[in-house]
file final_15.cif (mmCIF, C-alpha atoms)
data_model
#
loop_
_atom_site.group_PDB
_atom_site.id
_atom_site.type_symbol
_atom_site.label_atom_id
_atom_site.label_comp_id
_atom_site.auth_asym_id
_atom_site.auth_seq_id
_atom_site.Cartn_x
_atom_site.Cartn_y
_atom_site.Cartn_z
ATOM 1 C CA MET A 1 -22.796 -45.009 27.030
ATOM 2 C CA LYS A 2 -21.051 -41.829 26.064
ATOM 3 C CA SER A 3 -21.391 -42.597 22.357
ATOM 4 C CA LEU A 4 -25.102 -43.341 22.853
ATOM 5 C CA LEU A 5 -25.515 -39.925 24.420
ATOM 6 C CA LEU A 6 -23.680 -38.327 21.523
ATOM 7 C CA LEU A 7 -25.840 -40.192 19.043
ATOM 8 C CA THR A 8 -29.008 -39.055 20.828
ATOM 9 C CA LEU A 9 -27.813 -35.464 20.819
ATOM 10 C CA LEU A 10 -26.988 -35.728 17.134
ATOM 11 C CA GLY A 11 -30.456 -37.148 16.450
ATOM 12 C CA LEU A 12 -32.030 -34.220 18.284
ATOM 13 C CA ALA A 13 -29.892 -31.714 16.447
ATOM 14 C CA LEU A 14 -30.482 -33.072 12.941
ATOM 15 C CA PRO A 15 -33.993 -31.693 12.324
ATOM 16 C CA ALA A 16 -32.749 -28.223 13.243
ATOM 17 C CA TRP A 17 -29.840 -28.338 10.801
ATOM 18 C CA ALA A 18 -31.982 -27.563 7.796
ATOM 19 C CA ASP A 19 -32.903 -24.202 9.351
ATOM 20 C CA ARG A 20 -29.359 -23.361 10.450
ATOM 21 C CA LEU A 21 -27.247 -21.445 7.972
ATOM 22 C CA PRO A 22 -24.588 -19.680 10.042
ATOM 23 C CA LEU A 23 -21.931 -17.722 8.187
ATOM 24 C CA PRO A 24 -18.773 -19.842 7.745
ATOM 25 C CA SER A 25 -15.939 -19.214 10.209
ATOM 26 C CA ASP A 26 -13.733 -17.842 7.398
ATOM 27 C CA THR A 27 -16.252 -15.138 6.427
ATOM 28 C CA PRO A 28 -14.168 -12.041 5.578
ATOM 29 C CA ALA A 29 -15.042 -8.790 7.354
ATOM 30 C CA SER A 30 -15.416 -7.219 3.896
ATOM 31 C CA PHE A 31 -18.362 -9.519 3.126
ATOM 32 C CA LYS A 32 -20.216 -8.268 6.197
ATOM 33 C CA SER A 33 -19.427 -4.593 5.623
ATOM 34 C CA GLU A 34 -19.782 -4.474 1.816
ATOM 35 C CA CYS A 35 -22.726 -6.873 1.369
ATOM 36 C CA GLY A 36 -24.302 -6.736 4.800
ATOM 37 C CA SER A 37 -24.903 -2.979 5.063
ATOM 38 C CA CYS A 38 -27.881 -2.773 2.697
ATOM 39 C CA HIS A 39 -29.204 -6.305 3.157
ATOM 40 C CA LEU A 40 -28.520 -9.356 5.285
ATOM 41 C CA ALA A 41 -25.080 -10.856 4.691
ATOM 42 C CA TYR A 42 -26.770 -13.819 3.012
ATOM 43 C CA PRO A 43 -25.497 -17.343 3.682
ATOM 44 C CA PRO A 44 -23.362 -18.187 0.604
ATOM 45 C CA ALA A 45 -24.953 -21.649 0.369
ATOM 46 C CA LEU A 46 -28.171 -20.045 -0.894
ATOM 47 C CA LEU A 47 -26.829 -19.457 -4.439
ATOM 48 C CA SER A 48 -24.680 -21.585 -6.738
ATOM 49 C CA ALA A 49 -21.089 -20.612 -7.565
ATOM 50 C CA ALA A 50 -22.141 -19.688 -11.124
ATOM 51 C CA ASP A 51 -24.877 -17.378 -9.796
ATOM 52 C CA TRP A 52 -22.534 -15.732 -7.286
ATOM 53 C CA ARG A 53 -20.075 -15.177 -10.136
ATOM 54 C CA ARG A 54 -22.772 -13.488 -12.219
ATOM 55 C CA THR A 55 -23.777 -11.388 -9.219
ATOM 56 C CA MET A 56 -20.193 -10.317 -8.474
ATOM 57 C CA ASN A 57 -19.603 -9.475 -12.128
ATOM 58 C CA SER A 58 -22.582 -7.132 -12.294
ATOM 59 C CA LEU A 59 -22.185 -5.065 -9.099
ATOM 60 C CA GLY A 60 -21.948 -1.853 -11.128
ATOM 61 C CA GLU A 61 -25.710 -2.229 -11.524
ATOM 62 C CA HIS A 62 -26.866 -4.292 -8.535
ATOM 63 C CA PHE A 63 -30.684 -4.178 -8.393
ATOM 64 C CA GLY A 64 -30.645 -0.507 -9.287
ATOM 65 C CA THR A 65 -27.670 0.426 -7.115
ATOM 66 C CA GLU A 66 -23.960 0.784 -7.775
ATOM 67 C CA ALA A 67 -22.449 -1.614 -5.233
ATOM 68 C CA GLU A 68 -18.914 -2.097 -6.547
ATOM 69 C CA PRO A 69 -16.413 -2.739 -3.705
ATOM 70 C CA ALA A 70 -12.693 -1.910 -3.912
ATOM 71 C CA PRO A 71 -10.857 -4.478 -6.133
ATOM 72 C CA ALA A 72 -9.074 -6.279 -3.269
ATOM 73 C CA GLN A 73 -12.299 -6.668 -1.301
ATOM 74 C CA LYS A 74 -14.200 -7.785 -4.375
ATOM 75 C CA LYS A 75 -11.662 -10.539 -5.021
ATOM 76 C CA GLU A 76 -11.810 -11.680 -1.395
ATOM 77 C CA ILE A 77 -15.639 -11.713 -1.347
ATOM 78 C CA ALA A 78 -15.922 -13.530 -4.697
ATOM 79 C CA ALA A 79 -13.501 -16.258 -3.582
ATOM 80 C CA PHE A 80 -15.370 -16.671 -0.288
ATOM 81 C CA LEU A 81 -18.776 -16.938 -1.984
ATOM 82 C CA GLU A 82 -17.574 -19.506 -4.499
ATOM 83 C CA ARG A 83 -15.843 -21.516 -1.748
ATOM 84 C CA HIS A 84 -19.088 -21.889 0.177
ATOM 85 C CA ALA A 85 -21.647 -21.742 -2.638
ATOM 86 C CA GLY A 86 -24.579 -24.152 -2.725
ATOM 87 C CA GLN A 87 -25.309 -26.769 -5.372
ATOM 88 C CA GLY A 88 -27.166 -25.305 -8.317
ATOM 89 C CA GLY A 89 -28.975 -28.593 -8.966
ATOM 90 C CA LYS A 90 -30.509 -28.590 -5.491
ATOM 91 C CA LEU A 91 -31.231 -24.866 -5.285
ATOM 92 C CA GLY A 92 -32.829 -24.474 -8.710
ATOM 93 C CA ASN A 93 -32.616 -21.687 -11.270
ATOM 94 C CA ALA A 94 -32.112 -18.251 -9.658
ATOM 95 C CA GLY A 95 -33.139 -16.255 -12.741
ATOM 96 C CA GLU A 96 -31.400 -13.215 -14.271
ATOM 97 C CA PRO A 97 -30.153 -11.297 -12.397
ATOM 98 C CA PRO A 98 -29.794 -14.154 -9.889
ATOM 99 C CA ARG A 99 -32.066 -13.808 -6.878
ATOM 100 C CA ILE A 100 -32.062 -16.150 -3.876
ATOM 101 C CA SER A 101 -35.820 -15.583 -3.652
ATOM 102 C CA LYS A 102 -36.326 -17.001 -7.164
ATOM 103 C CA THR A 103 -34.631 -20.341 -6.492
ATOM 104 C CA ALA A 104 -36.934 -23.377 -6.251
ATOM 105 C CA ARG A 105 -35.621 -24.025 -2.740
ATOM 106 C CA PHE A 106 -36.623 -20.584 -1.482
ATOM 107 C CA VAL A 107 -40.008 -20.723 -3.235
ATOM 108 C CA ARG A 108 -40.748 -24.172 -1.792
ATOM 109 C CA LYS A 109 -39.792 -23.085 1.715
ATOM 110 C CA HIS A 110 -42.055 -20.021 1.514
ATOM 111 C CA ASP A 111 -44.995 -21.445 -0.442
ATOM 112 C CA GLU A 112 -47.382 -21.054 2.501
ATOM 113 C CA ILE A 113 -46.814 -17.289 2.771
ATOM 114 C CA PRO A 114 -49.799 -15.359 1.361
ATOM 115 C CA ALA A 115 -48.820 -12.841 -1.357
ATOM 116 C CA ARG A 116 -50.035 -9.859 0.693
ATOM 117 C CA PHE A 117 -47.350 -10.459 3.314
ATOM 118 C CA TRP A 118 -44.576 -9.758 0.852
ATOM 119 C CA HIS A 119 -45.948 -6.238 0.428
ATOM 120 C CA ASP A 120 -46.470 -5.649 4.145
ATOM 121 C CA PRO A 121 -44.506 -2.522 5.201
ATOM 122 C CA ARG A 122 -42.941 -4.559 8.021
ATOM 123 C CA ILE A 123 -41.506 -6.949 5.445
ATOM 124 C CA LYS A 124 -41.125 -4.691 2.394
ATOM 125 C CA SER A 125 -39.136 -7.170 0.313
ATOM 126 C CA ALA A 126 -38.171 -10.830 0.093
ATOM 127 C CA ALA A 127 -34.612 -9.551 0.577
ATOM 128 C CA ASN A 128 -35.505 -8.608 4.153
ATOM 129 C CA CYS A 129 -35.012 -12.003 5.866
ATOM 130 C CA GLU A 130 -34.801 -10.432 9.308
ATOM 131 C CA ALA A 131 -38.311 -8.971 9.134
ATOM 132 C CA CYS A 132 -39.677 -12.456 9.841
ATOM 133 C CA HIS A 133 -36.626 -14.561 10.726
ATOM 134 C CA THR A 134 -35.547 -12.542 13.750
ATOM 135 C CA HIS A 135 -32.318 -14.534 14.191
ATOM 136 C CA ALA A 136 -31.359 -14.608 10.504
ATOM 137 C CA ALA A 137 -28.162 -12.651 11.193
ATOM 138 C CA ASP A 138 -27.055 -15.568 13.388
ATOM 139 C CA GLY A 139 -28.018 -18.054 10.690
ATOM 140 C CA ARG A 140 -31.178 -19.240 12.426
ATOM 141 C CA PHE A 141 -34.138 -19.502 10.053
ATOM 142 C CA SER A 142 -36.416 -21.705 12.164
ATOM 143 C CA GLU A 143 -40.167 -21.336 11.661
ATOM 144 C CA HIS A 144 -40.520 -21.048 15.428
ATOM 145 C CA ASP A 145 -38.649 -17.752 15.480
ATOM 146 C CA ILE A 146 -40.923 -15.915 13.032
ATOM 147 C CA ALA A 147 -41.551 -12.314 14.134
ATOM 148 C CA ILE A 148 -44.903 -11.792 12.366
ATOM 149 C CA PRO A 149 -47.373 -13.615 14.666
ATOM 150 C CA GLU A 150 -49.775 -14.479 11.824
ATOM 151 C CA LEU A 151 -46.993 -16.389 10.098
ATOM 152 C CA ARG A 152 -45.661 -18.299 13.067
ATOM 153 C CA GLU A 153 -46.235 -22.031 13.132
ATOM 154 C CA MET B 1 6.571 -6.360 30.771
ATOM 155 C CA ARG B 2 7.239 -7.289 27.178
ATOM 156 C CA SER B 3 3.704 -8.553 26.730
ATOM 157 C CA LEU B 4 2.397 -5.341 28.263
ATOM 158 C CA SER B 5 4.241 -3.228 25.726
ATOM 159 C CA ALA B 6 3.041 -5.546 22.965
ATOM 160 C CA LEU B 7 -0.501 -5.022 24.224
ATOM 161 C CA CYS B 8 -0.025 -1.264 24.242
ATOM 162 C CA LEU B 9 1.259 -1.352 20.657
ATOM 163 C CA LEU B 10 -1.712 -3.480 19.647
ATOM 164 C CA LEU B 11 -4.149 -1.062 21.246
ATOM 165 C CA ILE B 12 -2.474 1.863 19.521
ATOM 166 C CA SER B 13 -2.650 0.132 16.144
ATOM 167 C CA ILE B 14 -6.326 -0.746 16.648
ATOM 168 C CA THR B 15 -7.289 2.776 17.550
ATOM 169 C CA SER B 16 -5.123 4.538 14.976
ATOM 170 C CA HIS B 17 -7.902 4.585 12.373
ATOM 171 C CA ALA B 18 -10.573 5.748 14.781
ATOM 172 C CA GLU B 19 -11.254 9.452 14.846
ATOM 173 C CA THR B 20 -13.813 11.621 16.545
ATOM 174 C CA PRO B 21 -16.664 13.211 14.562
ATOM 175 C CA GLN B 22 -14.980 16.567 15.319
ATOM 176 C CA GLN B 23 -11.745 15.417 13.636
ATOM 177 C CA ILE B 24 -13.634 14.133 10.614
ATOM 178 C CA ARG B 25 -15.625 17.357 10.377
ATOM 179 C CA GLN B 26 -12.411 19.368 10.714
ATOM 180 C CA SER B 27 -10.771 17.622 7.774
ATOM 181 C CA TYR B 28 -13.794 18.474 5.588
ATOM 182 C CA VAL B 29 -13.720 22.047 6.933
ATOM 183 C CA SER B 30 -10.039 22.370 5.916
ATOM 184 C CA GLU B 31 -10.838 21.042 2.453
ATOM 185 C CA ALA B 32 -13.774 23.437 2.100
ATOM 186 C CA ALA B 33 -11.774 26.420 3.392
ATOM 187 C CA ALA B 34 -9.152 25.796 0.695
ATOM 188 C CA VAL B 35 -11.694 26.706 -1.988
ATOM 189 C CA GLN B 36 -13.898 29.037 0.051
ATOM 190 C CA ALA B 37 -11.913 31.278 2.413
ATOM 191 C CA GLY B 38 -13.379 31.617 5.891
ATOM 192 C CA PHE B 39 -15.743 28.653 5.549
ATOM 193 C CA THR B 40 -17.400 27.673 8.817
ATOM 194 C CA PRO B 41 -19.590 24.574 9.125
ATOM 195 C CA SER B 42 -23.262 24.923 9.975
ATOM 196 C CA ALA B 43 -25.418 22.230 11.569
ATOM 197 C CA LYS B 44 -28.463 24.167 10.369
ATOM 198 C CA ARG B 45 -27.346 23.930 6.720
ATOM 199 C CA GLY B 46 -26.575 20.247 7.337
ATOM 200 C CA GLU B 47 -30.128 19.728 8.582
ATOM 201 C CA ALA B 48 -31.586 21.431 5.509
ATOM 202 C CA PHE B 49 -29.423 19.232 3.270
ATOM 203 C CA PHE B 50 -30.561 16.121 5.163
ATOM 204 C CA GLN B 51 -34.196 17.071 4.622
ATOM 205 C CA LYS B 52 -33.910 18.248 1.031
ATOM 206 C CA GLN B 53 -35.893 16.395 -1.630
ATOM 207 C CA PHE B 54 -33.366 15.842 -4.410
ATOM 208 C CA ALA B 55 -35.841 13.671 -6.340
ATOM 209 C CA ILE B 56 -33.144 12.174 -8.579
ATOM 210 C CA ASN B 57 -33.984 8.641 -7.512
ATOM 211 C CA ASP B 58 -37.641 7.458 -7.368
ATOM 212 C CA LYS B 59 -37.039 5.037 -4.531
ATOM 213 C CA MET B 60 -34.676 7.280 -2.593
ATOM 214 C CA PRO B 61 -35.654 10.910 -3.252
ATOM 215 C CA SER B 62 -33.870 12.144 -0.109
ATOM 216 C CA CYS B 63 -31.707 11.085 2.839
ATOM 217 C CA LEU B 64 -34.963 10.633 4.767
ATOM 218 C CA SER B 65 -35.978 7.749 2.468
ATOM 219 C CA CYS B 66 -33.721 5.437 4.476
ATOM 220 C CA HIS B 67 -32.655 7.434 7.545
ATOM 221 C CA THR B 68 -36.177 8.780 8.387
ATOM 222 C CA GLU B 69 -37.003 12.302 9.551
ATOM 223 C CA LYS B 70 -35.513 11.624 12.963
ATOM 224 C CA PRO B 71 -31.790 10.829 12.698
ATOM 225 C CA LEU B 72 -31.861 9.686 16.331
ATOM 226 C CA ASN B 73 -34.137 6.793 15.350
ATOM 227 C CA ALA B 74 -33.236 3.638 13.460
ATOM 228 C CA GLY B 75 -33.894 3.824 9.740
ATOM 229 C CA GLN B 76 -34.956 1.282 7.155
ATOM 230 C CA HIS B 77 -33.409 0.666 3.723
ATOM 231 C CA ALA B 78 -35.940 1.938 1.161
ATOM 232 C CA ILE B 79 -35.595 -1.112 -1.083
ATOM 233 C CA THR B 80 -34.483 -4.084 1.010
ATOM 234 C CA GLY B 81 -36.218 -3.092 4.255
ATOM 235 C CA LYS B 82 -33.096 -3.802 6.316
ATOM 236 C CA THR B 83 -32.906 -1.906 9.585
ATOM 237 C CA ILE B 84 -30.296 0.864 9.521
ATOM 238 C CA ARG B 85 -28.846 1.932 12.869
ATOM 239 C CA PRO B 86 -29.357 5.614 13.793
ATOM 240 C CA ILE B 87 -27.139 8.044 11.890
ATOM 241 C CA ALA B 88 -26.955 10.630 14.706
ATOM 242 C CA VAL B 89 -23.875 10.373 16.916
ATOM 243 C CA ALA B 90 -25.986 10.931 20.063
ATOM 244 C CA ALA B 91 -27.867 7.704 19.321
ATOM 245 C CA ASN B 92 -25.037 5.675 17.778
ATOM 246 C CA ALA B 93 -21.485 6.386 18.961
ATOM 247 C CA GLU B 94 -19.968 4.437 16.034
ATOM 248 C CA ARG B 95 -21.141 7.052 13.544
ATOM 249 C CA PHE B 96 -18.515 9.361 11.998
ATOM 250 C CA SER B 97 -15.623 7.614 13.745
ATOM 251 C CA ASP B 98 -14.005 5.909 10.722
ATOM 252 C CA PRO B 99 -12.902 8.359 7.993
ATOM 253 C CA ALA B 100 -12.724 5.689 5.263
ATOM 254 C CA LYS B 101 -16.235 4.485 6.047
ATOM 255 C CA VAL B 102 -17.599 8.027 6.090
ATOM 256 C CA GLU B 103 -16.023 8.732 2.673
ATOM 257 C CA LYS B 104 -17.332 5.460 1.268
ATOM 258 C CA TRP B 105 -20.928 6.200 2.241
ATOM 259 C CA PHE B 106 -20.810 9.859 1.201
ATOM 260 C CA GLY B 107 -19.474 8.550 -2.115
ATOM 261 C CA ARG B 108 -22.226 5.999 -2.619
ATOM 262 C CA ASN B 109 -25.173 7.874 -1.182
ATOM 263 C CA CYS B 110 -24.422 11.285 -2.722
ATOM 264 C CA LYS B 111 -24.154 9.686 -6.152
ATOM 265 C CA GLU B 112 -27.358 7.730 -5.664
ATOM 266 C CA VAL B 113 -29.556 10.273 -3.890
ATOM 267 C CA VAL B 114 -28.076 13.689 -4.705
ATOM 268 C CA GLY B 115 -27.078 12.635 -8.211
ATOM 269 C CA ARG B 116 -23.496 13.971 -7.893
ATOM 270 C CA SER B 117 -20.586 14.030 -5.470
ATOM 271 C CA CYS B 118 -21.131 16.089 -2.342
ATOM 272 C CA SER B 119 -18.744 19.001 -1.769
ATOM 273 C CA PRO B 120 -16.426 19.132 1.261
ATOM 274 C CA ALA B 121 -18.578 22.031 2.567
ATOM 275 C CA GLU B 122 -21.750 19.918 2.353
ATOM 276 C CA LYS B 123 -20.000 17.043 4.101
ATOM 277 C CA ALA B 124 -18.720 19.335 6.888
ATOM 278 C CA ASP B 125 -22.255 20.716 7.425
ATOM 279 C CA PHE B 126 -23.735 17.215 7.409
ATOM 280 C CA VAL B 127 -21.248 15.890 9.971
ATOM 281 C CA ALA B 128 -21.864 18.991 12.110
ATOM 282 C CA TYR B 129 -25.614 18.365 12.120
ATOM 283 C CA MET B 130 -25.307 14.651 12.856
ATOM 284 C CA SER B 131 -22.840 15.313 15.688
ATOM 285 C CA GLU B 132 -25.005 17.983 17.299
ATOM 286 C CA VAL B 133 -28.586 16.788 16.802
ATOM 287 C CA ARG B 134 -30.187 15.713 20.068
#

call {"tool": "encode", "arguments": {"input": "final_15.cif", "output": "structure tokens"}}
result
Amino acid sequence: MKSLLLLTLLGLALPAWADRLPLPSDTPASFKSECGSCHLAYPPALLSAADWRRTMNSLGEHFGTEAEPAPAQKKEIAAFLERHAGQGGKLGNAGEPPRISKTARFVRKHDEIPARFWHDPRIKSAANCEACHTHAADGRFSEHDIAIPELRE
Amino acid sequence: MRSLSALCLLLISITSHAETPQQIRQSYVSEAAAVQAGFTPSAKRGEAFFQKQFAINDKMPSCLSCHTEKPLNAGQHAITGKTIRPIAVAANAERFSDPAKVEKWFGRNCKEVVGRSCSPAEKADFVAYMSEVR
């Protein structure tokens, strides 16, 4: 009886898993402070290890900004990102420089969003997850939590 | 009793890196006074610096590009759109309480927006303005 209940709960939880990308429990504080000050501390599973490596090796010129952390922090962040990176084959090519928003997975998940929304001042940039996904910082990307009413499903 | 003293030690070690905005301003004032005798910080000069259009960077011509004209309000990153918590101490008590963090962001933002390092005098004025603005 108890296992049936567990199985039912698991069944209910499964559909939500795809939209849940919480930061791993071993996320270093440096990742949140160094990467999460200018943009969301992105879930590491959204880029492949090779793309994170390219990103970490080019922080001197990071989308127009110098974002180089102190060496010890950089090492810690790079190891963390590679530990929890996603599978390149599933995510798709992220381009050069790698962008989460260029991966096939991201494009597929956002293909219903009209182009004008990306330029909306409330959204500003595809980097700004939280503009629409209000609980992105907690790893919740469900379509039901979209902040822009016109986009909510 | 032993656990109480351990707790006290822990609390001391946690708070040892926290400073008040006044302490942080004072350390910049001392640095500035070493090169400019009799230097006194000015919130008014800090305000003018905050509002100045440096126009070195197209996307971030001034501090206002991200922090907005009202430092008591939340800002928005000029490129990513991420919300930035208010920079004024009156609206955000965490501001100017961690010397290493303050130095890190002066380092990054001065280089990017002002196009050079900020002087200790400019930093002292800036901290004075952000601590006093209501």

call {"tool": "atom_distance", "arguments": {"input": "final_15.cif", "atom1": "atom CA of Ser25 of chain A", "atom2": "atom CA of Val102 of chain B"}}
result
27.6 Å

call {"tool": "resolve_selection", "arguments": {"input": "final_15.cif", "expression": "the PyMOL selection byres ((chain A) within 12 of (chain B))", "output": "MDAnalysis selection string"}}
result
chainID A and resid 30 33:41 60:70 118:132 134 136:137

call {"tool": "atom_distance", "arguments": {"input": "final_15.cif", "atom1": "atom CA of Leu64 of chain B", "atom2": "atom CA of Gly46 of chain B"}}
result
13.0 Å

call {"tool": "resolve_selection", "arguments": {"input": "final_15.cif", "expression": "the PyMOL selection byres ((chain B and resi 106) around 12)", "output": "list in words"}}
result
Tyr28, Cys63, Phe96, Pro99, Ala100, Lys101, Val102, Glu103, Lys104, Trp105, Gly107, Arg108, Asn109, Cys110, Lys111, Glu112, Val113, Val114, Gly115, Arg116, Ser117, Cys118, Ser119, Pro120, Glu122, Lys123, Ala124, Phe126 and Val127 of chain B

call {"tool": "closest_residue", "arguments": {"input": "final_15.cif", "among": "A:Asp19, A:Asp145, A:Glu82, A:Asp26", "to": "Arg53 of chain A", "atoms": "only C-alpha atoms"}}
result
A:Glu82

call {"tool": "residues_around", "arguments": {"input": "final_15.cif", "residues": "Asn92 of chain B", "least_positions_apart": "4", "cutoff": "12 Å", "atoms": "all atoms listed in the file", "output": "PyMOL selection string"}}
result
chain B and resi 21+71-74+84-88+96-97+130-131+133-134

call {"tool": "residues_around", "arguments": {"input": "final_15.cif", "residues": "Pro44 of chain A", "least_positions_apart": "2", "cutoff": "7 Å", "atoms": "all atoms listed in the file", "output": "NGL selection string"}}
result
:A and (42 or 46-47 or 81 or 84-86)

call {"tool": "write_last_selection", "arguments": {"input": "final_15.cif", "atoms": "C-alpha atoms", "output": "PDB file, in the frame of the given file"}}
result
ATOM      1  CA  TYR A  42     -26.770 -13.819   3.012  1.00  0.00           C
ATOM      2  CA  LEU A  46     -28.171 -20.045  -0.894  1.00  0.00           C
ATOM      3  CA  LEU A  47     -26.829 -19.457  -4.439  1.00  0.00           C
ATOM      4  CA  LEU A  81     -18.776 -16.938  -1.984  1.00  0.00           C
ATOM      5  CA  HIS A  84     -19.088 -21.889   0.177  1.00  0.00           C
ATOM      6  CA  ALA A  85     -21.647 -21.742  -2.638  1.00  0.00           C
ATOM      7  CA  GLY A  86     -24.579 -24.152  -2.725  1.00  0.00           C
TER       8      GLY A  86
END

call {"tool": "closest_residue", "arguments": {"input": "final_15.cif", "among": "A:Pro149, A:Gly89, A:Pro43, A:Pro114", "to": "Pro24 of chain A", "atoms": "all atoms listed in the file"}}
result
A:Pro43

call {"tool": "atom_distance", "arguments": {"input": "final_15.cif", "atom1": "atom CA of Gln51 of chain B", "atom2": "atom CA of Glu69 of chain B"}}
result
7.4 Å

call {"tool": "resolve_selection", "arguments": {"input": "final_15.cif", "expression": "the PyMOL selection byres ((chain A and resi 103) around 6)", "output": "list of chain:residue names"}}
result
A:Leu91, A:Gly92, A:Asn93, A:Ala94, A:Ile100, A:Ser101, A:Lys102, A:Ala104, A:Arg105, A:Phe106

call {"tool": "closest_residue", "arguments": {"input": "final_15.cif", "among": "A:Pro22, A:His133, A:Glu112, A:Thr27", "to": "Ala79 of chain A", "atoms": "only C-alpha atoms"}}
result
A:Thr27
